[in-house]
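entry_16.tsv follows (TSV, C-alpha atoms and all ligand atoms):
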chain	number	residue	atom	x	y	z
W	894	MET	CA	177.28	59.36	249.35
W	895	ASN	CA	175.74	58.47	245.96
W	896	ILE	CA	172.22	57.24	246.56
W	897	LEU	CA	169.79	55.45	244.28
W	898	ILE	CA	166.17	55.82	245.40
W	899	THR	CA	163.73	53.50	243.69
W	900	GLY	CA	160.15	54.75	243.86
W	901	GLY	CA	161.55	58.24	244.43
W	902	CYS	CA	158.53	59.78	242.70
W	903	GLY	CA	156.09	58.25	245.18
W	904	TYR	CA	154.38	59.46	248.33
W	905	ILE	CA	157.30	58.74	250.66
W	906	GLY	CA	159.98	58.91	247.95
W	907	THR	CA	159.39	62.55	246.92
W	908	ASN	CA	159.88	63.60	250.54
W	909	VAL	CA	163.04	61.54	250.93
W	910	VAL	CA	164.53	62.75	247.65
W	911	ALA	CA	163.91	66.43	248.45
W	912	HIS	CA	165.31	66.15	251.98
W	913	LEU	CA	168.49	64.32	250.98
W	914	LYS	CA	169.16	66.50	247.95
W	915	GLU	CA	168.81	69.64	250.07
W	916	ARG	CA	171.44	68.24	252.41
W	917	GLY	CA	173.95	67.68	249.66
W	918	TYR	CA	173.60	63.97	249.00
W	919	ARG	CA	173.90	62.94	245.37
W	920	VAL	CA	170.57	61.34	244.60
W	921	ARG	CA	169.44	59.38	241.55
W	922	ILE	CA	165.88	58.17	241.13
W	923	LEU	CA	164.61	55.05	239.41
W	924	ASP	CA	160.85	55.12	238.96
W	925	ASN	CA	158.48	53.97	236.24
W	926	LEU	CA	156.01	56.80	236.96
W	927	MET	CA	153.13	54.39	237.32
W	928	TYR	CA	150.83	57.25	238.32
W	929	GLY	CA	151.41	58.83	234.90
W	930	TYR	CA	153.23	61.99	235.96
W	931	ASN	CA	156.48	63.14	237.49
W	932	PRO	CA	155.93	65.15	240.67
W	933	LEU	CA	159.60	66.16	240.91
W	934	ALA	CA	161.34	69.16	239.37
W	935	LYS	CA	163.18	68.55	236.11
W	936	ASP	CA	166.68	69.01	237.53
W	937	PHE	CA	166.68	65.66	239.35
W	938	ASP	CA	168.87	62.80	238.15
W	939	MET	CA	165.96	60.63	237.16
W	940	ILE	CA	165.78	57.38	235.23
W	941	LYS	CA	162.34	56.42	234.07
W	942	GLY	CA	162.36	52.65	234.15
W	943	ASP	CA	161.03	49.51	235.72
W	944	ILE	CA	162.77	47.81	238.64
W	945	ARG	CA	161.81	44.48	237.03
W	946	ASP	CA	164.29	45.17	234.23
W	947	PRO	CA	167.79	43.98	235.29
W	948	GLN	CA	169.52	46.06	232.62
W	949	VAL	CA	167.79	49.23	233.76
W	950	CYS	CA	168.77	48.46	237.36
W	951	LEU	CA	172.42	48.03	236.43
W	952	ILE	CA	172.44	51.34	234.54
W	953	ALA	CA	170.74	53.07	237.49
W	954	LEU	CA	173.25	51.55	239.93
W	955	LYS	CA	176.35	52.92	238.19
W	956	ASP	CA	178.57	54.67	240.79
W	957	ILE	CA	175.96	54.15	243.51
W	958	ASP	CA	177.04	53.17	247.02
W	959	THR	CA	173.66	53.28	248.78
W	960	VAL	CA	170.27	52.02	247.63
W	961	ILE	CA	166.98	53.07	249.22
W	962	HIS	CA	164.44	50.69	247.75
W	963	LEU	CA	160.96	52.18	248.03
W	964	ALA	CA	159.34	51.14	244.73
W	965	GLY	CA	156.42	48.82	245.14
W	966	PHE	CA	152.67	48.51	245.31
W	967	THR	CA	150.15	49.30	248.00
W	968	LEU	CA	147.77	46.72	249.38
W	969	GLU	CA	144.99	47.88	247.04
W	970	GLN	CA	147.30	47.94	244.02
W	971	CYS	CA	148.36	44.32	244.70
W	972	ASP	CA	144.67	43.38	244.49
W	973	GLN	CA	144.27	45.44	241.34
W	974	VAL	CA	147.22	44.06	239.34
W	975	GLY	CA	146.91	40.49	240.59
W	976	ARG	CA	149.24	38.04	242.29
W	977	THR	CA	151.71	37.38	239.48
W	978	VAL	CA	152.57	40.98	238.72
W	979	SER	CA	152.55	41.88	242.42
W	980	HIS	CA	155.06	39.11	243.11
W	981	GLU	CA	157.26	40.23	240.22
W	982	VAL	CA	157.37	43.85	241.42
W	983	MET	CA	157.40	43.32	245.16
W	984	VAL	CA	159.63	40.25	245.50
W	985	ASP	CA	161.43	39.22	242.30
W	986	ALA	CA	162.49	42.79	241.51
W	987	THR	CA	163.73	43.29	245.09
W	988	LYS	CA	165.89	40.17	244.80
W	989	ASN	CA	167.26	41.30	241.47
W	990	LEU	CA	167.91	44.84	242.67
W	991	PHE	CA	169.77	43.51	245.69
W	992	GLU	CA	171.94	41.19	243.57
W	993	SER	CA	172.59	43.98	241.07
W	994	SER	CA	173.53	46.30	243.94
W	995	ILE	CA	176.18	43.81	245.08
W	996	GLN	CA	177.40	43.46	241.50
W	997	ALA	CA	177.62	47.24	241.14
W	998	GLY	CA	179.63	47.59	244.35
W	999	ALA	CA	177.01	49.23	246.57
W	1000	THR	CA	177.61	48.82	250.29
W	1001	ARG	CA	174.27	49.80	251.74
W	1002	PHE	CA	170.76	48.54	250.95
W	1003	LEU	CA	167.71	49.94	252.73
W	1004	PHE	CA	164.48	48.13	251.99
W	1005	ALA	CA	161.00	49.57	252.62
W	1006	SER	CA	159.03	46.91	254.39
W	1007	SER	CA	155.98	47.49	256.54
W	1008	CYS	CA	154.74	47.00	260.09
W	1009	SER	CA	151.80	45.25	258.43
W	1010	VAL	CA	153.93	42.08	258.45
W	1011	TYR	CA	152.82	41.84	262.11
W	1012	GLY	CA	149.20	41.59	260.91
W	1013	GLN	CA	147.43	40.57	264.05
W	1014	GLN	CA	149.22	40.51	267.39
W	1015	SER	CA	147.94	40.28	270.95
W	1016	ASP	CA	151.11	41.82	272.43
W	1017	VAL	CA	153.13	44.80	271.34
W	1018	ALA	CA	155.25	43.52	268.45
W	1019	ILE	CA	159.02	43.81	268.52
W	1020	GLU	CA	161.32	43.09	265.61
W	1021	GLU	CA	161.79	39.51	266.82
W	1022	SER	CA	158.03	38.81	267.13
W	1023	VAL	CA	156.71	36.13	264.82
W	1024	PRO	CA	155.16	37.94	261.83
W	1025	ASN	CA	151.54	37.17	261.11
W	1026	PRO	CA	150.65	38.81	257.79
W	1027	THR	CA	146.93	39.00	257.11
W	1028	THR	CA	147.17	40.43	253.58
W	1029	PHE	CA	148.89	39.36	250.37
W	1030	TYR	CA	150.77	42.69	250.38
W	1031	ALA	CA	152.25	41.91	253.80
W	1032	GLU	CA	153.12	38.36	252.72
W	1033	LEU	CA	155.10	39.78	249.80
W	1034	LYS	CA	156.95	42.24	252.05
W	1035	LEU	CA	157.87	39.36	254.30
W	1036	LEU	CA	159.13	37.26	251.38
W	1037	SER	CA	161.50	40.06	250.37
W	1038	GLU	CA	162.65	40.48	253.95
W	1039	GLU	CA	163.34	36.75	254.22
W	1040	TYR	CA	165.36	36.82	251.04
W	1041	LEU	CA	167.55	39.64	252.36
W	1042	ARG	CA	168.08	37.86	255.67
W	1043	TYR	CA	168.71	34.58	253.89
W	1044	ARG	CA	171.32	36.19	251.64
W	1045	TYR	CA	173.29	37.25	254.69
W	1046	MET	CA	173.03	34.03	256.64
W	1047	PRO	CA	171.73	31.04	254.63
W	1048	SER	CA	172.52	28.74	257.55
W	1049	GLN	CA	169.69	30.36	259.56
W	1050	PHE	CA	167.23	28.84	257.13
W	1051	GLY	CA	166.81	25.11	257.42
W	1052	LYS	CA	166.40	22.90	254.37
W	1053	GLY	CA	162.99	23.43	252.81
W	1054	LYS	CA	162.72	26.86	254.41
W	1055	ARG	CA	164.82	28.64	251.85
W	1056	PRO	CA	163.13	31.48	249.98
W	1057	SER	CA	162.13	30.22	246.54
W	1058	ASN	CA	163.83	31.39	243.33
W	1059	PHE	CA	167.11	31.98	245.07
W	1060	SER	CA	169.26	33.54	242.42
W	1061	GLY	CA	172.20	34.92	244.39
W	1062	LYS	CA	175.49	34.02	242.83
W	1063	LEU	CA	177.90	36.42	244.50
W	1064	PRO	CA	178.79	35.96	248.17
W	1065	TYR	CA	177.37	38.47	250.61
W	1066	PRO	CA	180.10	41.12	250.63
W	1067	GLU	CA	181.72	41.92	253.95
W	1068	SER	CA	181.17	45.62	253.39
W	1069	MET	CA	177.42	45.32	252.70
W	1070	ARG	CA	174.94	46.45	255.33
W	1071	THR	CA	171.26	45.78	254.75
W	1072	THR	CA	168.51	47.54	256.67
W	1073	ILE	CA	164.94	46.28	256.60
W	1074	MET	CA	162.72	49.24	257.49
W	1075	ARG	CA	159.29	48.23	258.74
W	1076	PHE	CA	157.40	51.50	258.32
W	1077	ALA	CA	154.31	52.40	260.29
W	1078	THR	CA	151.43	53.64	258.11
W	1079	ALA	CA	152.44	56.98	256.67
W	1080	TYR	CA	150.43	60.21	256.82
W	1081	GLY	CA	151.08	63.85	256.05
W	1082	PRO	CA	151.98	65.95	253.04
W	1083	SER	CA	153.86	64.94	249.92
W	1084	LYS	CA	154.37	66.19	246.39
W	1085	ARG	CA	152.72	62.90	245.36
W	1086	MET	CA	149.83	62.75	247.78
W	1087	ARG	CA	148.22	59.51	248.87
W	1088	TRP	CA	144.78	59.78	250.34
W	1089	ASN	CA	144.13	56.11	251.02
W	1090	THR	CA	146.25	55.74	254.14
W	1091	ILE	CA	144.86	56.49	257.56
W	1092	PRO	CA	144.79	59.27	258.78
W	1093	ASN	CA	144.98	60.97	255.33
W	1094	LYS	CA	141.75	59.26	254.29
W	1095	PHE	CA	140.00	60.62	257.39
W	1096	ILE	CA	141.26	64.13	256.66
W	1097	ALA	CA	140.12	63.93	253.02
W	1098	ASP	CA	136.68	62.72	254.12
W	1099	VAL	CA	136.25	65.67	256.47
W	1100	TRP	CA	137.35	68.13	253.80
W	1101	GLN	CA	134.90	66.60	251.32
W	1102	ARG	CA	132.13	66.99	253.92
W	1103	LYS	CA	131.66	63.23	254.02
W	1104	PRO	CA	131.32	61.25	257.23
W	1105	ILE	CA	134.56	59.47	258.09
W	1106	GLU	CA	133.91	55.82	257.38
W	1107	LEU	CA	135.62	53.93	260.16
W	1108	PHE	CA	135.94	50.17	260.30
W	1109	GLY	CA	137.50	48.22	263.13
W	1110	PRO	CA	137.36	51.19	265.56
W	1111	GLN	CA	139.03	49.25	268.37
W	1112	GLN	CA	141.81	47.89	266.16
W	1113	HIS	CA	145.30	49.31	266.55
W	1114	ARG	CA	147.62	50.75	263.96
W	1115	PRO	CA	150.93	52.59	264.31
W	1116	VAL	CA	151.14	55.69	262.13
W	1117	MET	CA	153.95	58.05	261.23
W	1118	HIS	CA	154.33	61.44	259.55
W	1119	THR	CA	156.14	61.58	256.19
W	1120	GLN	CA	158.66	64.08	257.59
W	1121	ASP	CA	159.46	61.72	260.46
W	1122	ILE	CA	159.97	58.85	258.01
W	1123	VAL	CA	162.42	61.05	256.14
W	1124	HIS	CA	164.31	61.86	259.34
W	1125	ALA	CA	164.44	58.19	260.29
W	1126	ILE	CA	165.86	57.25	256.89
W	1127	HIS	CA	168.40	60.07	257.13
W	1128	LEU	CA	169.46	58.82	260.56
W	1129	LEU	CA	169.83	55.28	259.23
W	1130	LEU	CA	172.04	56.52	256.40
W	1131	GLU	CA	174.38	58.16	258.88
W	1132	THR	CA	174.32	55.72	261.78
W	1133	LYS	CA	177.19	53.36	262.27
W	1134	GLN	CA	175.25	51.25	264.71
W	1135	THR	CA	173.36	48.82	262.50
W	1136	ASN	CA	174.49	45.23	262.09
W	1137	ASP	CA	175.19	43.61	258.73
W	1138	VAL	CA	171.49	42.91	258.43
W	1139	GLU	CA	169.22	44.86	260.72
W	1140	THR	CA	165.43	44.83	260.91
W	1141	LEU	CA	163.94	47.99	262.39
W	1142	ASN	CA	160.42	49.12	263.15
W	1143	ILE	CA	160.16	52.71	261.99
W	1144	GLY	CA	157.59	54.75	263.88
W	1145	SER	CA	156.85	56.18	267.28
W	1146	ASN	CA	155.80	54.52	270.55
W	1147	GLN	CA	153.46	57.50	271.07
W	1148	GLN	CA	151.60	56.83	267.81
W	1149	ASN	CA	150.28	53.31	268.25
W	1150	TYR	CA	146.68	54.37	267.83
W	1151	GLU	CA	143.42	52.65	268.44
W	1152	LYS	CA	141.74	53.77	265.22
W	1153	GLU	CA	138.79	55.35	266.97
W	1154	SER	CA	140.98	57.59	269.11
W	1155	LEU	CA	142.92	58.60	266.02
W	1156	VAL	CA	139.68	59.64	264.33
W	1157	ARG	CA	138.56	61.53	267.44
W	1158	GLU	CA	141.85	63.41	267.51
W	1159	ILE	CA	141.40	64.48	263.90
W	1160	VAL	CA	137.75	65.42	264.34
W	1161	GLY	CA	138.75	67.43	267.42
W	1162	GLU	CA	141.14	69.38	265.23
W	1163	ILE	CA	139.28	69.92	261.93
W	1164	GLY	CA	135.70	68.82	262.67
W	1165	GLY	CA	133.73	66.14	260.85
W	1166	THR	CA	131.46	63.25	261.70
W	1167	VAL	CA	132.13	59.54	262.01
W	1168	LYS	CA	130.20	56.59	260.64
W	1169	ILE	CA	131.21	53.12	261.84
W	1170	VAL	CA	131.08	50.68	258.92
W	1171	ASP	CA	131.36	46.94	258.85
W	1172	THR	CA	134.33	46.21	256.57
W	1173	PRO	CA	136.28	43.11	257.54
W	1174	ASP	CA	139.95	43.83	258.21
W	1175	ALA	CA	141.99	41.52	260.42
W	1176	ARG	CA	144.88	43.95	260.85
W	1177	ASP	CA	145.35	44.83	264.50
W	1178	TYR	CA	148.85	45.45	265.75
W	1179	ARG	CA	150.76	47.64	268.17
W	1180	VAL	CA	154.48	47.93	267.62
W	1181	SER	CA	157.49	48.76	269.76
W	1182	PHE	CA	159.78	51.40	268.29
W	1183	ASP	CA	162.35	51.14	271.08
W	1184	LYS	CA	165.10	49.94	268.75
W	1185	ILE	CA	165.01	52.96	266.40
W	1186	GLU	CA	164.57	55.28	269.40
W	1187	HIS	CA	167.74	53.82	270.91
W	1188	LEU	CA	169.52	54.84	267.73
W	1189	GLY	CA	168.49	58.42	268.54
W	1190	PHE	CA	165.28	58.78	266.57
W	1191	LYS	CA	162.34	60.71	267.95
W	1192	ALA	CA	159.18	61.49	265.96
W	1193	GLU	CA	158.33	65.17	266.02
W	1194	CYS	CA	155.11	65.39	264.02
W	1195	THR	CA	151.58	64.33	264.92
W	1196	PRO	CA	148.32	63.49	263.12
W	1197	LYS	CA	146.89	66.78	264.45
W	1198	MET	CA	149.66	68.72	262.74
W	1199	ALA	CA	149.08	66.83	259.49
W	1200	ALA	CA	145.31	67.37	259.73
W	1201	ASN	CA	145.79	71.13	259.89
W	1202	VAL	CA	148.39	71.30	257.14
W	1203	LEU	CA	146.48	69.04	254.75
W	1204	TYR	CA	143.13	70.69	255.43
W	1205	LYS	CA	144.58	74.14	254.79
W	1206	GLY	CA	146.41	72.85	251.72
W	1207	LEU	CA	143.20	71.39	250.34
W	1208	ASN	CA	141.46	74.73	250.90
W	1209	SER	CA	144.22	76.67	249.16
W	1210	GLY	CA	144.52	74.25	246.24
W	1211	GLU	CA	148.06	73.15	247.20
W	1212	PHE	CA	146.68	69.61	247.46
W	1213	ALA	CA	143.83	67.94	245.60
W	1214	VAL	CA	141.99	64.80	246.58
W	1215	ARG	CA	142.07	62.32	243.75
W	1216	ASP	CA	141.89	58.60	243.25
W	1217	ASP	CA	145.14	56.98	242.25
W	1218	LYS	CA	145.00	55.38	238.85
W	1219	ILE	CA	148.05	53.36	237.90
W	1220	VAL	CA	149.42	52.11	234.63
W	1221	VAL	CA	151.43	48.90	234.95
W	1222	THR	CA	152.97	47.04	232.02
W	1223	THR	CA	152.89	43.28	232.34
C	1	LIG	N1	152.83	54.76	252.63
C	1	LIG	C1	152.76	53.92	253.64
C	1	LIG	O1	151.94	54.04	254.56
C	1	LIG	C2	153.72	52.77	253.72
C	1	LIG	C3	153.77	52.00	254.89
C	1	LIG	C4	154.64	50.92	254.95
C	1	LIG	C5	155.47	50.63	253.87
C	1	LIG	N2	155.39	51.39	252.75
C	1	LIG	C6	156.25	51.05	251.63
C	1	LIG	O2	157.05	52.18	251.29
C	1	LIG	C7	157.27	52.22	249.88
C	1	LIG	C8	156.84	53.57	249.33
C	1	LIG	O3	155.44	53.73	249.57
C	1	LIG	P1	154.62	54.97	249.04
C	1	LIG	O4	153.51	55.19	249.97
C	1	LIG	O5	155.57	56.09	248.74
C	1	LIG	O6	154.02	54.38	247.68
C	1	LIG	P2	153.74	55.10	246.27
C	1	LIG	O7	152.83	54.21	245.53
C	1	LIG	O8	153.33	56.52	246.47
C	1	LIG	O9	155.17	55.12	245.59
C	1	LIG	C9	155.71	54.00	244.94
C	1	LIG	C10	156.58	54.50	243.80
C	1	LIG	O10	157.18	53.35	243.20
C	1	LIG	C11	157.09	53.47	241.80
C	1	LIG	N3	157.03	52.11	241.22
C	1	LIG	C12	156.08	51.17	241.41
C	1	LIG	N4	156.36	50.07	240.71
C	1	LIG	C13	157.54	50.31	240.07
C	1	LIG	C14	158.35	49.56	239.20
C	1	LIG	N5	157.98	48.32	238.81
C	1	LIG	N6	159.49	50.09	238.73
C	1	LIG	C15	159.85	51.36	239.10
C	1	LIG	N7	159.11	52.13	239.93
C	1	LIG	C16	157.96	51.61	240.41
C	1	LIG	C17	155.80	54.24	241.54
C	1	LIG	O11	155.76	54.90	240.27
C	1	LIG	C18	155.79	55.22	242.71
C	1	LIG	O12	156.42	56.44	242.37
C	1	LIG	C19	156.50	51.05	249.29
C	1	LIG	O13	157.38	49.97	249.13
C	1	LIG	C20	155.48	50.74	250.37
C	1	LIG	O14	155.06	49.40	250.35
C	1	LIG	C21	154.55	52.45	252.65

Go through the file and emit its structure as structure tokens.
Amino acid sequence: MNILITGGCGYIGTNVVAHLKERGYRVRILDNLMYGYNPLAKDFDMIKGDIRDPQVCLIALKDIDTVIHLAGFTLEQCDQVGRTVSHEVMVDATKNLFESSIQAGATRFLFASSCSVYGQQSDVAIEESVPNPTTFYAELKLLSEEYLRYRYMPSQFGKGKRPSNFSGKLPYPESMRTTIMRFATAYGPSKRMRWNTIPNKFIADVWQRKPIELFGPQQHRPVMHTQDIVHAIHLLLETKQTNDVETLNIGSNQQNYEKESLVREIVGEIGGTVKIVDTPDARDYRVSFDKIEHLGFKAECTPKMAANVLYKGLNSGEFAVRDDKIVVTT
């Protein structure tokens, strides 16, 4: 299998790249290094380039049969770079990459979406639940998802409901299988650490001897360890069970946390104090991961495990807490 991983130098990507390469997959990375450094060793097949550039995508896709599309912005970065650039990177580039993948003969496209498309839900959300994004980031993820679903079955979308800027010219190939991966919030170690996701933020606060600032203590959020995300992606690469277009929640039924109990678990493990703060955040969702579990996936790591590993790693200097600064060309 020849795999192109966009965003392979990121928090999730570095873990995926290392895991797949170790297992003998041929992996190429397309990443614009927006954090200003390359966290991967030099012997990786790496193209430094922007997914918004169609020519770069076509070069990166040469001889590729499988695309794992991880490149994108976080919620905070969407706010930072503004709506136009966010839309270009998160939606337009996804459409182009998908079309270029068809053109290049790829037969598998895995797209990193997010459980945050559920936004606010009173019941446990399943893949068929009506999404209710409460952030611009989640809206953009949903737009890309809709495009991928639309490309497979335009008839599902009534007139006026078609995703805008439809640019697909080639028919959806019979051999193509698209998987929309709605990840839970990721935590745990990476060669390109992120400290702004929960529970990583909580762990960093404890290590810095700061009170954990917790907002929305009773709100729910599914979380998932980076190593478990990697195993889920690996399973999806190998499974024969997905439909032509499959949407899957990626996480664990055991890790749908009320945020306060997540914080308590971490404090119970590595100490620390908690300060409840009043920051508005409408996100509150619990998610069913039955579908991926039926494919054979079972999460093996926990926030407690990550708390210990990250805390020790911060003490030893293996990890450093730093704010992410990004450089984005417009
Ligand atoms: N981390 C999470 O909790 C989480 C949860 C749900 C979904 N996701 C999604 O998973 C994907 C990976 O997330 P992450 O946490 O690893 O993020 P990250 O910011 O650590 O990694 C993103 C990578 O994409 C690259 N990139 C960004 N814009 C690019 C562009 N225009 N061209 C080429 N490369 C570009 C960056 O340089 C970076 O290496 C993202 O799409 C994210 O939205 C993440």

Quick one: what's the axis-aligned box for ligand LIG 1 (chain C), all listed atoms, 5 Å on every side, centre and edges in Å to one decimal, as AutoDock Vina command-line options?
--center_x 155.9 --center_y 52.4 --center_z 246.8 --size_x 17.9 --size_y 18.2 --size_z 26.2

>> I'd like the neighbourhood of region 971-983 of chain W as a VMD selection string, where a residue qualifies if any of its atoms comes within 12 Å (using all atoms listed in the file), though same-chain residues fewer than 5 positions away should be ignored.
In response: chain W and resid 899 to 900 925 943 to 946 962 to 966 988 to 990 1004 to 1006 1028 to 1038 1040 1057 to 1058 1217 to 1223

> Which one of W:Tyr1065, W:Phe937, W:Tyr1043, W:Trp1088 sits closest to ligand LIG 1 (chain C) if you count only C-alpha atoms and all ligand atoms?
Replying inline: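 Selected residue with least distance to ligand LIG 1 (chain C): W:Trp1088.
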
>> Here is a test: counting all atoms listed in the file, which residue of W:Pro1104, W:Gly901, W:Pro1196, W:Pro932 is nearest to ligand LIG 1 (chain C)?
In response: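 Closest candidate: W:Gly901.
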
> From the list W:Arg1044, W:Lys1103, W:Arg1114, W:His912, which residue is nearest ligand LIG 1 (chain C) when using all atoms listed in the file?
Replying inline: W:Arg1114

> Quick one: of W:Val1023, W:Ile1122, W:Ala1097, W:Ala999, who's nearest to Glu1067 (chain W), counting all atoms listed in the file?
Replying inline: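 Checking each candidate against Glu1067 (chain W), we get W:Ala999 as the closest.
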
> Using only C-alpha atoms and all ligand atoms, which residue out of W:Gln996, W:Gln1134, W:Gln1112, W:Asn1142 lies closest to ligand LIG 1 (chain C)?
Replying inline: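 Closest to ligand LIG 1 (chain C) of all the choices is W:Asn1142.
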
>> Using Å and a single decimal, report how far CA of Ile1143 (chain W) sits from CA of Glu1186 (chain W).
In response: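 Separating CA of Glu1186 (chain W) from CA of Ile1143 (chain W) is a distance of 9.0 Å.
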
>> Env of region 1131-1133 of chain W: 10 Å cut, atoms = only C-alpha atoms, seq-sep filter 4 positions within chain, self excluded. Answer as a PyMOL selection string.
In response: chain W and resi 1126-1127+1188-1189

>> Set the distance at 10 Å and use only C-alpha atoms: which residues neighbour Ile1091 (chain W) once local chain neighbours fewer than 6 positions away are removed? I'd like the list as a list in words.
In response: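 Residues near the query, excluding close chain neighbours: Thr1078, Ala1079, Tyr1080, Gly1081, Ala1097, Leu1107, Arg1114, Pro1115, Val1116, Met1117, Lys1152, Leu1155, Val1156 and Pro1196 of chain W.
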
>> I'd like the interatomic distance between CA of Lys935 (chain W) and CA of Pro947 (chain W), to a tenth of an Å.
In response: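 If I compute the distance from CA of Lys935 (chain W) to CA of Pro947 (chain W), I get 25.0 Å.
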